[in-house]
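First comes the structure, then the notes that go with it.
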Amino acid sequence: MEHILERFLTYARMDTESDPESGSTPSTAKQWDLANYLAEELKRIGMQDVTIDENAYIMATLPATTDKEVPVIGFISHFDTSPDFTGAGVNPKVIRNYDGKDIVLNEEKNIVLSPSYFEEMLQYKGQTLVVTDGTTLLGADDKAGITEIVSAMEYLLQHPEIEHGKVRVGFTPDEEIGRGAHKFDVKAFGAEWAYTMDGSTIGELEYENFNAAGVKITVNGKSVHPGYAKGKMVNATRILNELISCLPEYETPEFTSGREGFYHLTSINGDIEHASAQMIIRDHDSTLFKKRKKLLRRITAELNHKYNNAIELEIKDQYYNMREKIEPVYHIVEIAKEAMESLGITPIIKPIRGGTDGSQLSYMGLPCPNIFAGGHNFHGKYEYVPLESMQKAVEVIVKICELTAKKA
């Protein structure tokens, strides 16, 4: 497993944070550092047809080891990290033979990763954990996935006796800002179906995700001296607060789970003259998703009637629940499930409370369920990944390739 660890540490130390305010692809120039490194590494391990396009999308081929007619399958991960928390200067720590106790990430700042808060840590007692130093995220989302795909391809190249069909791999930028699949060339990829290695806990197998929309609210006010403001002042910040207060109080991320949807306020800025907010809308159910957008539009219309059209509302759909595209080809989920079970892994089939490149790719003609990559507590300083989970993910990829050929 040491080569898997070293590969992951190499990727994790590269800053690949994406930027939602950027209009370029990739959204940050620093993503090119890892993209170029990966392209060269794929060539180095013996992959064929390695390409990297002008937008940093990487594709490569593992040639078939059988003459049988086997469906071409693919594995996909993203190399950017979330802008929610800094990815600059990542300095991973390796905790071997984890003893089940608190892990001091940063003694000076008293930052502690504790199983008293993150109970799932206890299931990894005795394993090797990779954690942060408390000042950055780790980047297991999704550099663990990339590590697993590259390592699995390397293993298959070193073991040509394993029968498998042609396999394609793809690595994308900007997934964390919702653009990972936007410029992915499905036709050039040429797979019948694929799997994103972008889940969390070992055993996760997901083919349902949120329907998603991004929301931008802008309020234009009018500033007047408060002593003479009656009938004249239009306080943009107060109006924005009123709008947000009209949304269902408990339909937010901190009060929902499972298939329950939510409204999530992600940022807010303002003064008397101008106020703005950004939020996201999420729901697994397409009908409820539409109702959420309709409610926000109705509240805005009512407040605009009250405040003389002071509010501008922009709602943009981001991605949709891939279940609709996966269910007609459900055998691709069953292959992944069988692969896990054959390796002693209990499949955890559940809806994603989020999205992956696979959700968009499924609607672009590439059905794409999501498989665990092993990490926990993504997008923050408490992120960690067990090395043994990454090893198991590598084994799952190899087994899926075997089973696909076997069933052809």
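The way I read the labels, and the way they are meant: chains A, B, ... in the order of the structure tokens, residue 1 as the first residue of every chain, and ligand 1 as the first ligand shown, with later ones counted on from there.
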Just the residues within 12 Å of Leu156 in chain A, please, counting only C-alpha atoms, with nothing from its chain fewer than 3 positions along; format it as a PyMOL selection string. chain A and resi 45-47+61-65+149-153+159-167+394-395+397-402
Contacts of range 277-285 of chain A at 8 Å (only C-alpha atoms; same-chain gap of 3+ positions) as a list in words: Glu208, Asn209, Phe210, Asn211, Ala212, Ala213, Gly214, Val215, Lys216, Ile217, Thr218, Leu240, Arg259, Glu260, Gly261, Phe262, Tyr263, His264, Leu265, Thr266, Ser267, Ile268, Asn269, Leu288, Phe289, Arg292, Lys293 and Asn321 of chain A
Write to file, as an mmCIF file, in the first residue's frame, the residues of the selection just made, with N, CA, C and O atoms.
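The resulting result12.cif:
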```
data_model
loop_
_atom_site.group_PDB
_atom_site.id
_atom_site.type_symbol
_atom_site.label_atom_id
_atom_site.label_comp_id
_atom_site.auth_asym_id
_atom_site.auth_seq_id
_atom_site.Cartn_x
_atom_site.Cartn_y
_atom_site.Cartn_z
ATOM 1 N N GLU A 208 -28.099 7.972 -7.238
ATOM 2 C CA GLU A 208 -29.071 9.048 -7.094
ATOM 3 C C GLU A 208 -28.360 10.265 -6.516
ATOM 4 O O GLU A 208 -27.515 10.119 -5.636
ATOM 5 N N ASN A 209 -28.705 11.444 -6.979
ATOM 6 C CA ASN A 209 -28.126 12.664 -6.438
ATOM 7 C C ASN A 209 -29.168 13.765 -6.435
ATOM 8 O O ASN A 209 -30.263 13.622 -6.985
ATOM 9 N N PHE A 210 -28.833 14.868 -5.858
ATOM 10 C CA PHE A 210 -29.738 16.007 -5.841
ATOM 11 C C PHE A 210 -30.001 16.550 -7.242
ATOM 12 O O PHE A 210 -29.124 16.495 -8.117
ATOM 13 N N ASN A 211 -31.199 17.096 -7.444
ATOM 14 C CA ASN A 211 -31.407 18.107 -8.478
ATOM 15 C C ASN A 211 -30.885 19.403 -7.874
ATOM 16 O O ASN A 211 -31.112 19.676 -6.680
ATOM 17 N N ALA A 212 -30.207 20.200 -8.649
ATOM 18 C CA ALA A 212 -29.501 21.340 -8.063
ATOM 19 C C ALA A 212 -29.688 22.620 -8.868
ATOM 20 O O ALA A 212 -29.693 22.606 -10.102
ATOM 21 N N ALA A 213 -29.815 23.725 -8.141
ATOM 22 C CA ALA A 213 -29.879 25.045 -8.759
ATOM 23 C C ALA A 213 -29.070 26.035 -7.923
ATOM 24 O O ALA A 213 -29.000 25.919 -6.696
ATOM 25 N N GLY A 214 -28.471 26.991 -8.600
ATOM 26 C CA GLY A 214 -27.782 28.086 -7.934
ATOM 27 C C GLY A 214 -28.640 29.335 -7.996
ATOM 28 O O GLY A 214 -29.334 29.579 -8.982
ATOM 29 N N VAL A 215 -28.607 30.129 -6.934
ATOM 30 C CA VAL A 215 -29.458 31.309 -6.828
ATOM 31 C C VAL A 215 -28.614 32.542 -6.515
ATOM 32 O O VAL A 215 -27.742 32.502 -5.640
ATOM 33 N N LYS A 216 -28.898 33.623 -7.222
ATOM 34 C CA LYS A 216 -28.277 34.914 -6.927
ATOM 35 C C LYS A 216 -29.380 35.936 -6.701
ATOM 36 O O LYS A 216 -30.267 36.105 -7.547
ATOM 37 N N ILE A 217 -29.351 36.610 -5.574
ATOM 38 C CA ILE A 217 -30.351 37.619 -5.225
ATOM 39 C C ILE A 217 -29.648 38.965 -5.076
ATOM 40 O O ILE A 217 -28.640 39.072 -4.375
ATOM 41 N N THR A 218 -30.174 39.959 -5.736
ATOM 42 C CA THR A 218 -29.628 41.316 -5.643
ATOM 43 C C THR A 218 -30.746 42.276 -5.262
ATOM 44 O O THR A 218 -31.829 42.238 -5.860
ATOM 45 N N LEU A 240 -33.492 42.186 2.006
ATOM 46 C CA LEU A 240 -32.885 40.876 1.761
ATOM 47 C C LEU A 240 -33.123 39.960 2.959
ATOM 48 O O LEU A 240 -33.457 38.773 2.795
ATOM 49 N N ARG A 259 -33.235 11.881 1.785
ATOM 50 C CA ARG A 259 -33.725 12.466 0.538
ATOM 51 C C ARG A 259 -34.381 13.829 0.744
ATOM 52 O O ARG A 259 -34.993 14.368 -0.174
ATOM 53 N N GLU A 260 -34.261 14.383 1.947
ATOM 54 C CA GLU A 260 -34.863 15.687 2.217
ATOM 55 C C GLU A 260 -34.065 16.799 1.530
ATOM 56 O O GLU A 260 -32.843 16.847 1.623
ATOM 57 N N GLY A 261 -34.763 17.685 0.852
ATOM 58 C CA GLY A 261 -34.113 18.791 0.174
ATOM 59 C C GLY A 261 -33.938 19.993 1.080
ATOM 60 O O GLY A 261 -34.343 19.987 2.250
ATOM 61 N N PHE A 262 -33.345 21.060 0.535
ATOM 62 C CA PHE A 262 -33.100 22.244 1.357
ATOM 63 C C PHE A 262 -32.823 23.486 0.520
ATOM 64 O O PHE A 262 -32.567 23.419 -0.690
ATOM 65 N N TYR A 263 -32.870 24.638 1.221
ATOM 66 C CA TYR A 263 -32.351 25.911 0.743
ATOM 67 C C TYR A 263 -31.093 26.185 1.575
ATOM 68 O O TYR A 263 -31.117 26.040 2.797
ATOM 69 N N HIS A 264 -30.012 26.589 0.928
ATOM 70 C CA HIS A 264 -28.767 26.807 1.667
ATOM 71 C C HIS A 264 -28.170 28.163 1.293
ATOM 72 O O HIS A 264 -27.727 28.378 0.166
ATOM 73 N N LEU A 265 -28.197 29.072 2.252
ATOM 74 C CA LEU A 265 -27.600 30.391 2.060
ATOM 75 C C LEU A 265 -26.089 30.261 2.191
ATOM 76 O O LEU A 265 -25.576 29.872 3.237
ATOM 77 N N THR A 266 -25.350 30.586 1.137
ATOM 78 C CA THR A 266 -23.900 30.386 1.145
ATOM 79 C C THR A 266 -23.110 31.666 1.349
ATOM 80 O O THR A 266 -21.978 31.618 1.820
ATOM 81 N N SER A 267 -23.692 32.803 0.992
ATOM 82 C CA SER A 267 -22.995 34.071 1.240
ATOM 83 C C SER A 267 -23.987 35.218 1.237
ATOM 84 O O SER A 267 -25.046 35.136 0.598
ATOM 85 N N ILE A 268 -23.642 36.289 1.956
ATOM 86 C CA ILE A 268 -24.506 37.465 2.020
ATOM 87 C C ILE A 268 -23.640 38.701 2.243
ATOM 88 O O ILE A 268 -22.691 38.682 3.031
ATOM 89 N N ASN A 269 -23.940 39.748 1.515
ATOM 90 C CA ASN A 269 -23.220 41.016 1.643
ATOM 91 C C ASN A 269 -24.222 42.154 1.491
ATOM 92 O O ASN A 269 -25.220 42.015 0.774
ATOM 93 N N LEU A 288 -40.586 18.283 -6.193
ATOM 94 C CA LEU A 288 -40.298 19.146 -5.050
ATOM 95 C C LEU A 288 -39.234 20.188 -5.400
ATOM 96 O O LEU A 288 -39.266 21.319 -4.906
ATOM 97 N N PHE A 289 -38.300 19.799 -6.261
ATOM 98 C CA PHE A 289 -37.270 20.730 -6.731
ATOM 99 C C PHE A 289 -37.915 21.915 -7.445
ATOM 100 O O PHE A 289 -37.583 23.082 -7.194
ATOM 101 N N ARG A 292 -39.672 24.201 -4.970
ATOM 102 C CA ARG A 292 -38.746 25.062 -4.222
ATOM 103 C C ARG A 292 -38.412 26.320 -5.036
ATOM 104 O O ARG A 292 -38.400 27.438 -4.502
ATOM 105 N N LYS A 293 -38.141 26.125 -6.305
ATOM 106 C CA LYS A 293 -37.836 27.280 -7.155
ATOM 107 C C LYS A 293 -39.054 28.183 -7.292
ATOM 108 O O LYS A 293 -38.948 29.426 -7.266
ATOM 109 N N ASN A 321 -30.915 14.827 -11.032
ATOM 110 C CA ASN A 321 -30.772 13.510 -10.436
ATOM 111 C C ASN A 321 -30.499 12.469 -11.525
ATOM 112 O O ASN A 321 -31.309 12.265 -12.424
#
```
Which residue gives the smallest distance to Ser257 in chain A among A:Lys101, A:His274, A:Arg353, A:Lys230, with only C-alpha atoms counted? A:Arg353
Strand (DSSP E) positions in range 126-234 of chain A, given as a ChimeraX atom specification: /A:129-131,167-172,193-199,204-206,211-220
Contacts of Gly375 in chain A within 8 Å, only C-alpha atoms, excl. fewer than 2 positions in-chain, as a count of residues only: 13
Would you mind writing down, as a ChimeraX atom specification, each residue of range 109-327 of chain A that DSSP on the backbone assigns to helix (DSSP H, G or I)? /A:119-124,140-158,175-177,186-189,226-228,236-245,253-255,286-306,323-327
Looking at A:Asp80, A:Asp99, A:Asp133, A:Glu175, which one is nearest to Tyr382 in chain A, with distances taken over only C-alpha atoms?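 Once distances to Tyr382 in chain A are computed over only C-alpha atoms, the minimum belongs to A:Asp133.
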